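Peer 1: This one is start-v6.tsv, TSV, C-alpha atoms and all ligand atoms.
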```
chain	number	residue	atom	x	y	z
A	1	MET	CA	90.68	262.73	26.03
A	2	PRO	CA	89.53	259.96	23.64
A	3	LEU	CA	91.71	256.91	23.04
A	4	SER	CA	94.43	257.84	20.58
A	5	HIS	CA	96.31	255.93	17.93
A	6	HIS	CA	99.32	255.97	20.29
A	7	ASP	CA	97.29	254.55	23.23
A	8	LEU	CA	96.13	251.69	21.02
A	9	LEU	CA	99.68	250.88	19.97
A	10	VAL	CA	100.84	250.94	23.61
A	11	LEU	CA	97.99	248.59	24.58
A	12	LEU	CA	98.73	246.24	21.67
A	13	SER	CA	102.46	246.16	22.34
A	14	THR	CA	101.86	245.53	26.07
A	15	SER	CA	99.59	242.63	25.04
A	16	GLY	CA	102.24	241.05	22.79
A	17	ILE	CA	100.58	241.93	19.46
A	18	PHE	CA	103.32	244.40	18.54
A	19	ILE	CA	106.81	244.94	19.83
A	20	GLU	CA	108.16	248.46	20.17
A	21	GLU	CA	111.55	249.04	18.62
A	22	THR	CA	114.05	250.94	20.74
A	23	THR	CA	114.30	254.33	19.04
A	24	THR	CA	116.93	257.01	19.21
A	25	LYS	CA	116.20	260.34	20.86
A	26	GLN	CA	116.13	262.04	17.44
A	27	GLU	CA	113.19	259.95	16.24
A	28	ALA	CA	109.87	261.59	16.99
A	29	GLU	CA	107.67	258.48	16.67
A	30	PRO	CA	108.32	255.01	18.08
A	31	ARG	CA	108.34	252.12	15.60
A	32	TYR	CA	106.46	248.86	16.09
A	33	HIS	CA	107.09	245.39	14.68
A	34	LEU	CA	104.91	242.30	14.36
A	35	THR	CA	105.36	239.54	16.94
A	36	THR	CA	104.97	235.78	16.42
A	37	ALA	CA	101.29	236.15	17.41
A	38	SER	CA	100.45	239.01	15.06
A	39	ARG	CA	102.30	237.42	12.13
A	40	LEU	CA	99.45	234.90	12.18
A	41	LEU	CA	97.01	237.75	11.52
A	42	VAL	CA	98.52	239.03	8.28
A	43	ASP	CA	99.14	237.33	4.95
A	44	ASP	CA	102.76	236.82	3.97
A	45	PRO	CA	102.68	236.24	0.20
A	46	ILE	CA	106.49	236.38	-0.02
A	47	GLY	CA	106.98	233.75	2.67
A	48	GLY	CA	104.05	231.84	1.08
A	49	ARG	CA	101.93	231.88	4.25
A	50	THR	CA	98.27	232.84	4.64
A	51	CYS	CA	96.86	234.16	7.88
A	52	VAL	CA	94.18	232.89	10.26
A	53	SER	CA	92.48	236.20	11.03
A	54	ASN	CA	89.18	234.93	9.57
A	55	LEU	CA	89.19	232.12	12.13
A	56	LEU	CA	89.61	234.64	14.96
A	57	THR	CA	86.80	236.76	13.49
A	58	LEU	CA	84.51	233.71	13.68
A	59	CYS	CA	85.50	232.88	17.27
A	60	SER	CA	84.92	236.47	18.41
A	61	SER	CA	81.53	236.68	16.69
A	62	PRO	CA	78.57	237.83	18.86
A	63	PHE	CA	76.97	234.42	18.16
A	64	TYR	CA	79.80	232.72	20.10
A	65	PHE	CA	79.82	235.36	22.82
A	66	THR	CA	76.08	235.08	23.48
A	67	ALA	CA	76.35	231.29	23.48
A	68	SER	CA	79.07	231.36	26.16
A	69	GLN	CA	76.78	233.46	28.37
A	70	ASN	CA	74.50	230.40	28.58
A	71	LEU	CA	77.27	228.23	30.02
A	72	ALA	CA	76.00	228.61	33.62
A	73	GLU	CA	72.47	227.53	32.68
A	74	TRP	CA	73.89	224.61	30.68
A	75	LEU	CA	76.08	223.51	33.62
A	76	LYS	CA	73.02	223.63	35.89
A	77	GLU	CA	71.12	221.33	33.49
A	78	GLU	CA	74.10	218.99	33.42
A	79	ASP	CA	74.29	219.01	37.25
A	80	ASP	CA	70.55	218.37	37.56
A	81	GLY	CA	71.05	215.29	35.41
A	82	ALA	CA	73.81	214.19	37.87
A	83	GLY	CA	75.96	213.10	34.92
A	84	ALA	CA	73.41	210.47	33.89
A	85	THR	CA	71.43	212.69	31.51
A	86	PRO	CA	73.40	215.38	29.72
A	87	ALA	CA	71.86	218.79	29.01
A	88	ALA	CA	69.44	218.54	26.09
A	89	ARG	CA	71.07	221.31	24.05
A	90	PRO	CA	74.51	222.90	23.88
A	91	PRO	CA	74.80	226.53	25.11
A	92	PHE	CA	74.81	227.76	21.48
A	93	GLU	CA	71.37	226.27	20.88
A	94	MET	CA	70.05	227.58	24.22
A	95	ALA	CA	71.13	231.08	23.21
A	96	HIS	CA	69.96	231.09	19.60
A	97	GLY	CA	67.08	228.61	19.55
A	98	ALA	CA	68.78	226.71	16.72
A	99	GLY	CA	71.85	224.53	16.23
A	100	PHE	CA	75.18	225.91	15.00
A	101	TYR	CA	74.83	224.69	11.39
A	102	ASP	CA	71.19	225.89	11.25
A	103	VAL	CA	72.42	229.38	12.15
A	104	VAL	CA	75.26	229.05	9.59
A	105	ARG	CA	72.55	228.42	6.96
A	106	ARG	CA	70.04	230.97	8.31
A	107	ASP	CA	72.34	233.98	8.82
A	108	VAL	CA	74.06	234.90	5.56
A	109	ALA	CA	76.80	237.02	7.20
A	110	PHE	CA	77.57	234.36	9.85
A	111	GLY	CA	77.56	231.67	7.12
A	112	ALA	CA	80.08	233.65	5.06
A	113	CYS	CA	82.19	234.21	8.18
A	114	PHE	CA	82.18	230.43	8.88
A	115	ASP	CA	83.13	229.61	5.26
A	116	GLU	CA	86.03	232.08	5.31
A	117	ALA	CA	87.19	230.89	8.74
A	118	MET	CA	87.31	227.23	7.71
A	119	ALA	CA	89.04	228.07	4.43
A	120	SER	CA	91.67	230.21	6.16
A	121	ASP	CA	92.38	227.48	8.72
A	122	SER	CA	92.61	224.89	5.93
A	123	ARG	CA	95.09	227.01	3.96
A	124	PHE	CA	97.16	227.60	7.11
A	125	VAL	CA	97.28	223.93	8.21
A	126	SER	CA	97.73	222.45	4.72
A	127	GLU	CA	100.67	224.76	4.00
A	128	ILE	CA	102.47	223.42	7.08
A	129	VAL	CA	101.47	219.80	6.49
A	130	ILE	CA	102.53	219.83	2.82
A	131	ARG	CA	105.80	221.61	3.58
A	132	GLU	CA	106.85	219.63	6.65
A	133	TYR	CA	104.98	216.32	6.56
A	134	GLY	CA	104.36	215.90	2.81
A	135	GLU	CA	105.46	212.26	2.88
A	136	VAL	CA	102.05	211.46	4.39
A	137	PHE	CA	100.53	212.06	0.92
A	138	ALA	CA	103.54	211.14	-1.20
A	139	ASP	CA	104.29	207.56	-0.15
A	140	GLY	CA	102.15	205.30	-2.34
A	141	VAL	CA	99.09	207.55	-2.14
A	142	ARG	CA	97.38	207.98	-5.53
A	143	SER	CA	93.96	209.11	-4.34
A	144	VAL	CA	92.62	211.10	-1.40
A	145	VAL	CA	89.05	211.70	-0.28
A	146	ASP	CA	88.62	214.67	2.05
A	147	VAL	CA	85.56	213.80	4.13
A	148	GLY	CA	83.58	216.90	5.17
A	149	GLY	CA	86.09	218.80	3.04
A	150	HIS	CA	83.84	221.86	2.78
A	151	ASN	CA	84.71	224.00	-0.27
A	152	GLY	CA	87.75	221.89	-1.18
A	153	THR	CA	90.50	224.22	0.12
A	154	THR	CA	92.55	221.36	1.60
A	155	ALA	CA	91.90	219.01	-1.33
A	156	ARG	CA	92.99	221.71	-3.83
A	157	ALA	CA	96.20	222.33	-1.86
A	158	ILE	CA	96.98	218.58	-1.95
A	159	ALA	CA	96.14	218.36	-5.69
A	160	LYS	CA	98.45	221.30	-6.41
A	161	ALA	CA	101.35	219.96	-4.34
A	162	PHE	CA	100.97	216.33	-5.52
A	163	PRO	CA	99.61	216.41	-9.10
A	164	HIS	CA	99.67	212.59	-9.30
A	165	VAL	CA	97.10	212.35	-6.47
A	166	ARG	CA	93.42	212.28	-7.48
A	167	CYS	CA	91.47	214.38	-4.96
A	168	THR	CA	87.81	214.07	-4.05
A	169	VAL	CA	85.69	215.91	-1.48
A	170	LEU	CA	82.73	214.21	0.20
A	171	GLU	CA	80.25	216.79	1.49
A	172	LEU	CA	76.62	217.10	2.43
A	173	PRO	CA	74.36	217.49	-0.64
A	174	ARG	CA	73.41	221.06	0.32
A	175	VAL	CA	77.08	222.13	0.54
A	176	VAL	CA	77.91	220.54	-2.83
A	177	GLY	CA	74.68	221.95	-4.31
A	178	ALA	CA	75.51	225.48	-3.08
A	179	MET	CA	78.99	225.28	-4.60
A	180	MET	CA	77.65	224.06	-7.94
A	181	ALA	CA	74.98	226.81	-7.89
A	182	ALA	CA	77.69	229.40	-7.26
A	183	GLU	CA	79.76	227.76	-10.02
A	184	ASP	CA	82.50	227.59	-7.39
A	185	ASP	CA	83.65	224.05	-8.10
A	186	GLY	CA	86.99	225.55	-9.08
A	187	ASP	CA	89.36	224.41	-11.77
A	188	GLY	CA	88.30	220.77	-11.92
A	189	ALA	CA	91.34	219.63	-9.91
A	190	VAL	CA	88.97	218.29	-7.26
A	191	GLU	CA	85.86	216.15	-7.68
A	192	PHE	CA	82.89	216.79	-5.36
A	193	VAL	CA	80.69	213.93	-4.23
A	194	ALA	CA	77.45	214.56	-2.32
A	195	GLY	CA	76.66	212.20	0.54
A	196	ASP	CA	76.58	211.46	4.24
A	197	MET	CA	79.86	210.21	5.75
A	198	ARG	CA	77.93	207.94	8.14
A	199	GLU	CA	76.58	205.98	5.17
A	200	PHE	CA	79.23	205.97	2.46
A	201	ILE	CA	82.79	207.14	1.86
A	202	PRO	CA	84.22	206.94	-1.69
A	203	PRO	CA	87.17	204.52	-2.05
A	204	ALA	CA	90.65	206.10	-1.85
A	205	ASP	CA	94.20	205.33	-0.76
A	206	ALA	CA	93.90	207.98	1.98
A	207	VAL	CA	90.71	209.07	3.70
A	208	LEU	CA	91.21	212.50	5.24
A	209	PHE	CA	89.31	214.19	8.07
A	210	LYS	CA	90.21	217.72	9.10
A	211	CYS	CA	88.29	219.41	11.91
A	212	VAL	CA	85.43	216.98	11.40
A	213	LEU	CA	85.49	214.19	13.99
A	214	HIS	CA	85.61	216.52	17.04
A	215	LYS	CA	81.96	217.36	16.36
A	216	TRP	CA	80.83	213.72	16.59
A	217	SER	CA	80.33	211.45	19.62
A	218	ASP	CA	82.72	208.52	20.21
A	219	GLU	CA	80.03	206.11	18.91
A	220	ASP	CA	79.52	208.16	15.73
A	221	CYS	CA	83.30	208.32	15.20
A	222	VAL	CA	83.53	204.52	15.42
A	223	GLN	CA	80.76	204.19	12.81
A	224	ILE	CA	82.34	206.80	10.49
A	225	LEU	CA	85.76	205.17	10.83
A	226	LYS	CA	84.28	201.74	10.04
A	227	ARG	CA	82.98	203.30	6.78
A	228	SER	CA	86.48	204.71	6.19
A	229	LYS	CA	88.03	201.30	6.70
A	230	GLU	CA	85.74	199.93	3.97
A	231	ALA	CA	86.88	202.80	1.72
A	232	VAL	CA	90.66	202.34	2.01
A	233	SER	CA	92.58	199.72	0.10
A	234	THR	CA	93.54	196.63	2.10
A	235	ARG	CA	95.84	195.37	-0.68
A	236	GLU	CA	99.51	196.44	-0.71
A	237	PRO	CA	100.29	199.28	-0.53
A	238	LYS	CA	97.58	199.45	2.12
A	239	GLY	CA	95.53	202.60	2.47
A	240	LYS	CA	95.12	204.68	5.59
A	241	VAL	CA	93.01	207.28	7.35
A	242	VAL	CA	94.63	210.65	8.00
A	243	ILE	CA	93.05	212.77	10.74
A	244	THR	CA	94.01	216.37	11.49
A	245	GLU	CA	92.63	217.06	14.96
A	246	VAL	CA	93.68	218.00	18.47
A	247	VAL	CA	95.23	215.24	20.58
A	248	CYS	CA	94.69	216.84	23.97
A	249	GLN	CA	97.63	217.08	26.34
A	250	LYS	CA	100.16	215.58	23.91
A	251	THR	CA	102.36	218.65	24.28
A	252	SER	CA	104.82	220.10	26.75
A	253	ASN	CA	104.08	223.63	25.45
A	254	LYS	CA	101.83	225.42	27.96
A	255	GLN	CA	100.40	227.86	25.39
A	256	ILE	CA	99.48	225.04	23.00
A	257	LEU	CA	97.90	223.12	25.87
A	258	GLN	CA	95.85	226.18	26.88
A	259	ALA	CA	94.73	226.67	23.27
A	260	GLN	CA	93.72	222.98	23.04
A	261	LEU	CA	91.68	223.21	26.24
A	262	LEU	CA	90.00	226.39	24.97
A	263	MET	CA	89.14	224.60	21.71
A	264	ASP	CA	87.66	221.79	23.79
A	265	LEU	CA	85.51	224.33	25.67
A	266	CYS	CA	84.52	226.00	22.41
A	267	MET	CA	83.38	222.67	20.91
A	268	MET	CA	81.32	222.00	24.04
A	269	VAL	CA	79.66	225.43	23.95
A	270	VAL	CA	78.98	225.45	20.25
A	271	LEU	CA	78.37	221.91	19.06
A	272	GLU	CA	78.26	219.28	21.82
A	273	GLY	CA	81.64	218.28	20.46
A	274	LYS	CA	84.94	217.64	22.22
A	275	GLU	CA	88.66	217.38	21.74
A	276	ARG	CA	90.12	213.98	22.64
A	277	THR	CA	93.14	212.58	24.43
A	278	GLU	CA	95.31	209.87	22.85
A	279	GLU	CA	93.66	207.31	25.12
A	280	THR	CA	90.18	208.13	23.77
A	281	TRP	CA	91.39	208.20	20.15
A	282	ARG	CA	93.10	204.79	20.61
A	283	LYS	CA	89.88	203.19	21.86
A	284	ILE	CA	87.92	204.65	18.92
A	285	PHE	CA	90.48	203.35	16.38
A	286	LEU	CA	90.55	199.86	17.87
A	287	ASP	CA	86.74	199.72	18.16
A	288	ALA	CA	86.51	200.67	14.47
A	289	GLY	CA	88.77	197.71	13.57
A	290	PHE	CA	92.06	199.51	12.89
A	291	THR	CA	95.25	197.87	14.12
A	292	ARG	CA	97.72	200.74	14.64
A	293	TYR	CA	98.16	204.49	14.46
A	294	LYS	CA	100.88	207.14	14.45
A	295	ILE	CA	100.49	210.62	15.96
A	296	THR	CA	102.67	213.50	14.74
A	297	PRO	CA	102.03	216.89	16.39
A	298	ILE	CA	101.92	219.58	13.66
A	299	SER	CA	104.62	222.02	14.67
A	300	GLY	CA	103.45	225.36	16.05
A	301	THR	CA	99.76	224.40	16.00
A	302	THR	CA	97.22	222.81	18.34
A	303	ARG	CA	96.58	219.98	15.90
A	304	SER	CA	98.25	216.62	15.21
A	305	LEU	CA	98.39	214.46	12.13
A	306	ILE	CA	97.04	211.05	13.07
A	307	GLU	CA	97.66	208.26	10.56
A	308	VAL	CA	95.46	205.24	11.21
A	309	PHE	CA	96.17	201.90	9.51
A	310	PRO	CA	93.84	198.92	8.85
B	401	LIG	C1	83.99	222.14	10.76
B	401	LIG	S1	83.69	221.86	9.06
B	401	LIG	C2	85.32	221.37	8.51
B	401	LIG	C3	85.52	221.65	7.07
B	401	LIG	C4	86.89	221.29	6.52
B	401	LIG	N1	87.24	219.90	6.74
B	401	LIG	C5	87.94	222.22	7.11
B	401	LIG	O1	88.67	221.81	8.01
B	401	LIG	O2	88.01	223.37	6.66
B	401	LIG	C6	82.81	220.29	9.05
B	401	LIG	C7	82.31	219.93	7.65
B	401	LIG	O3	81.71	218.63	7.71
B	401	LIG	C8	80.57	218.64	6.84
B	401	LIG	N2	79.65	217.57	7.28
B	401	LIG	C9	78.89	217.58	8.41
B	401	LIG	N3	78.18	216.43	8.49
B	401	LIG	C10	78.50	215.70	7.39
B	401	LIG	C11	78.09	214.42	6.93
B	401	LIG	N4	77.22	213.68	7.62
B	401	LIG	N5	78.61	213.95	5.76
B	401	LIG	C12	79.50	214.71	5.04
B	401	LIG	N6	79.93	215.93	5.45
B	401	LIG	C13	79.43	216.43	6.61
B	401	LIG	C14	80.01	220.04	7.03
B	401	LIG	O4	79.18	220.40	5.93
B	401	LIG	C15	81.26	220.89	7.16
B	401	LIG	O5	81.68	221.43	5.92
```
Here is the file; what I need is its structure written in the form of structure tokens.
Peer 2:
Amino acid sequence: MPLSHHDLLVLLSTSGIFIEETTTKQEAEPRYHLTTASRLLVDDPIGGRTCVSNLLTLCSSPFYFTASQNLAEWLKEEDDGAGATPAARPPFEMAHGAGFYDVVRRDVAFGACFDEAMASDSRFVSEIVIREYGEVFADGVRSVVDVGGHNGTTARAIAKAFPHVRCTVLELPRVVGAMMAAEDDGDGAVEFVAGDMREFIPPADAVLFKCVLHKWSDEDCVQILKRSKEAVSTREPKGKVVITEVVCQKTSNKQILQAQLLMDLCMMVVLEGKERTEETWRKIFLDAGFTRYKITPISGTTRSLIEVFP
């Protein structure tokens, strides 16, 4: 007998994706409801929430799966270097003969999957941040630059929620060029600037990084944050850097901790990146010349809002 519709529903409800409603004897078919987990996989236009299914599609792509199969070989290279010389390439590059962003550019379907994944995550996180922590952008902030802001999803959400804030996205020239070529620069609410964050960051009251710094080494982060410090106002009201990233282990929730550690593993497999603990972040901020920071875990997510002050 092939797998039936019913078998699938039983499997999914046993796995916590659906919950079966207790039915009366008269009802022929059981009824299933969404759970907290599966609500994240469907849009809820009435509740004003968009889903993250595109992000899961990216993470379950064959490109990721094949990369993770090279983990053993990668660990062997790391062991051979006895910690002194790290493996030359991350498992993703070992598997595909090219770096992650090269494959994003080379494979049209994977590139589209990446774009949709990042946009869906940005919609999801910015909805929560604007609703629950909006004061981060409201208090004295008149301009924001979203560094590595991709297609401007986060910047557009900020511009819509705070019309008095001027929003700019700094992106690599090829990303900005592709958006202009596709005439996808939107409604003009956001300005796009082409450049390299290691060299220049446009001046703003708040310099934003979302899902960007975890790809860079500690040394690169210090350099990028020094550029950010030059970009933010040092006159009253002083500017700040706002980072939306994982702060590993700053949670008592076991599921969030597991998800953070899996993200750390994913960054290692895909990009030579890493998620950081508060201790590592603190050192980076101080080395970049900042004096203080404030970490606010974003409720129900793996990420935190980190405000960093000159
Ligand atoms: C993981 S994506 C995050 C995109 C967006 N912040 C989000 O969360 O949806 C990292 C982005 O950084 C951009 N990027 C990488 N290196 C950069 C650089 N040197 N200067 C500016 N942007 C860069 C990439 O093009 C990419 O869009």
Peer 1: If you count only C-alpha atoms, which residues fall within 8 Å of region 52-59 of chain A, apart from same-chain ones fewer than 6 positions away, as a list in words?
Peer 2: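 Counting only C-alpha atoms, the residues come to Leu40, Leu41, Val42, Phe110, Cys113, Phe114, Glu116, Ala117, Met118, Ser120, Asp121 and Phe124 of chain A.
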Peer 1: Between CA of Ile298 (chain A) and CA of Gly149 (chain A), what is the spacing in Å?
Peer 2: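 Between these atoms lies a distance of 19.1 Å.
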Peer 1: Hey, which residues come within 8 Å of ligand LIG 401 (chain B) if we count only C-alpha atoms and all ligand atoms? Could you give them as a list in words?
Peer 2: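 Here is the list of contacting residues: Ala117, Met118, Ala119, Ser120, Asp121, Ser122, Asp146, Val147, Gly148, Gly149, His150, Asn151, Gly152, Thr153, Thr154, Leu170, Glu171, Leu172, Val175, Ala194, Gly195, Asp196, Met197, Arg198, Phe209, Lys210, Cys211, Val212 and Lys215 of chain A.
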Peer 1: Go through A:Phe162, A:Tyr101, A:Phe92, A:Phe65 and flag the residue nearest Ser143 (chain A), using all atoms listed in the file for the distances.
Peer 2: A:Phe162
Peer 1: For Pro90 (chain A), which residue among A:Lys254, A:Arg166, A:Lys283, A:Lys274 is the nearest when counting only C-alpha atoms?
Peer 2: A:Lys274
Peer 1: List the spatial neighbours of Gly273 (chain A) as a ChimeraX atom specification - criterion: any atom at most 9 Å away, all atoms listed in the file, same-chain residues fewer than 3 positions off excluded.
Peer 2: /A:213-217,264-270
Peer 1: Could you state the separation of CA of Tyr293 (chain A) and CA of Val222 (chain A) in Å, given to one decimal place?
Peer 2: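 Atom-to-atom, CA of Tyr293 (chain A) and CA of Val222 (chain A) are spaced 14.7 Å apart.
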Peer 1: For Ser304 (chain A), please output as a list in words all residues within 6 Å (counting all atoms listed in the file; exclusion window: fewer than 4 positions along the same chain).
Peer 2: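 Counting only the stated atoms, we get Thr244, Glu245, Val246, Thr296, Pro297 and Ile298 of chain A.
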Peer 1: When you count only C-alpha atoms, which of these residues is closest to Arg49 (chain A): A:Leu261, A:Val125, A:Ala288, A:Ile201?
Peer 2: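 Of all the options, A:Val125 lies closest to Arg49 (chain A).
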Peer 1: In Å to one decimal, how far is CA of Ala67 (chain A) from CA of His96 (chain A)?
Peer 2: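 Answer for the CA of His96 (chain A) to CA of Ala67 (chain A) separation: 7.5 Å.
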Peer 1: Rank A:His6, A:Thr14, A:Val108, A:Glu199 by their smallest atom-to-atom distance to Arg31 (chain A), using only C-alpha atoms, and report the top residue only.
Peer 2: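 Closest residue, counting only C-alpha atoms: A:His6.
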Peer 1: Using all atoms listed in the file, collect all residues at a distance of at most 12 Å from (73.2, 225.7, 7.8) as written in the file, then present them as a PDB file with C-alpha atoms, in the frame of the given file.
Peer 2:
```pdb
ATOM      1  CA  ALA A  98      68.780 226.710  16.720  1.00  0.00           C
ATOM      2  CA  GLY A  99      71.850 224.530  16.230  1.00  0.00           C
ATOM      3  CA  PHE A 100      75.180 225.910  15.000  1.00  0.00           C
ATOM      4  CA  TYR A 101      74.830 224.690  11.390  1.00  0.00           C
ATOM      5  CA  ASP A 102      71.190 225.890  11.250  1.00  0.00           C
ATOM      6  CA  VAL A 103      72.420 229.380  12.150  1.00  0.00           C
ATOM      7  CA  VAL A 104      75.260 229.050   9.590  1.00  0.00           C
ATOM      8  CA  ARG A 105      72.550 228.420   6.960  1.00  0.00           C
ATOM      9  CA  ARG A 106      70.040 230.970   8.310  1.00  0.00           C
ATOM     10  CA  ASP A 107      72.340 233.980   8.820  1.00  0.00           C
ATOM     11  CA  VAL A 108      74.060 234.900   5.560  1.00  0.00           C
ATOM     12  CA  ALA A 109      76.800 237.020   7.200  1.00  0.00           C
ATOM     13  CA  PHE A 110      77.570 234.360   9.850  1.00  0.00           C
ATOM     14  CA  GLY A 111      77.560 231.670   7.120  1.00  0.00           C
ATOM     15  CA  ALA A 112      80.080 233.650   5.060  1.00  0.00           C
ATOM     16  CA  PHE A 114      82.180 230.430   8.880  1.00  0.00           C
ATOM     17  CA  ASP A 115      83.130 229.610   5.260  1.00  0.00           C
ATOM     18  CA  LEU A 172      76.620 217.100   2.430  1.00  0.00           C
ATOM     19  CA  PRO A 173      74.360 217.490  -0.640  1.00  0.00           C
ATOM     20  CA  ARG A 174      73.410 221.060   0.320  1.00  0.00           C
ATOM     21  CA  VAL A 175      77.080 222.130   0.540  1.00  0.00           C
ATOM     22  CA  ALA A 178      75.510 225.480  -3.080  1.00  0.00           C
TER      23      ALA A 178
END
```
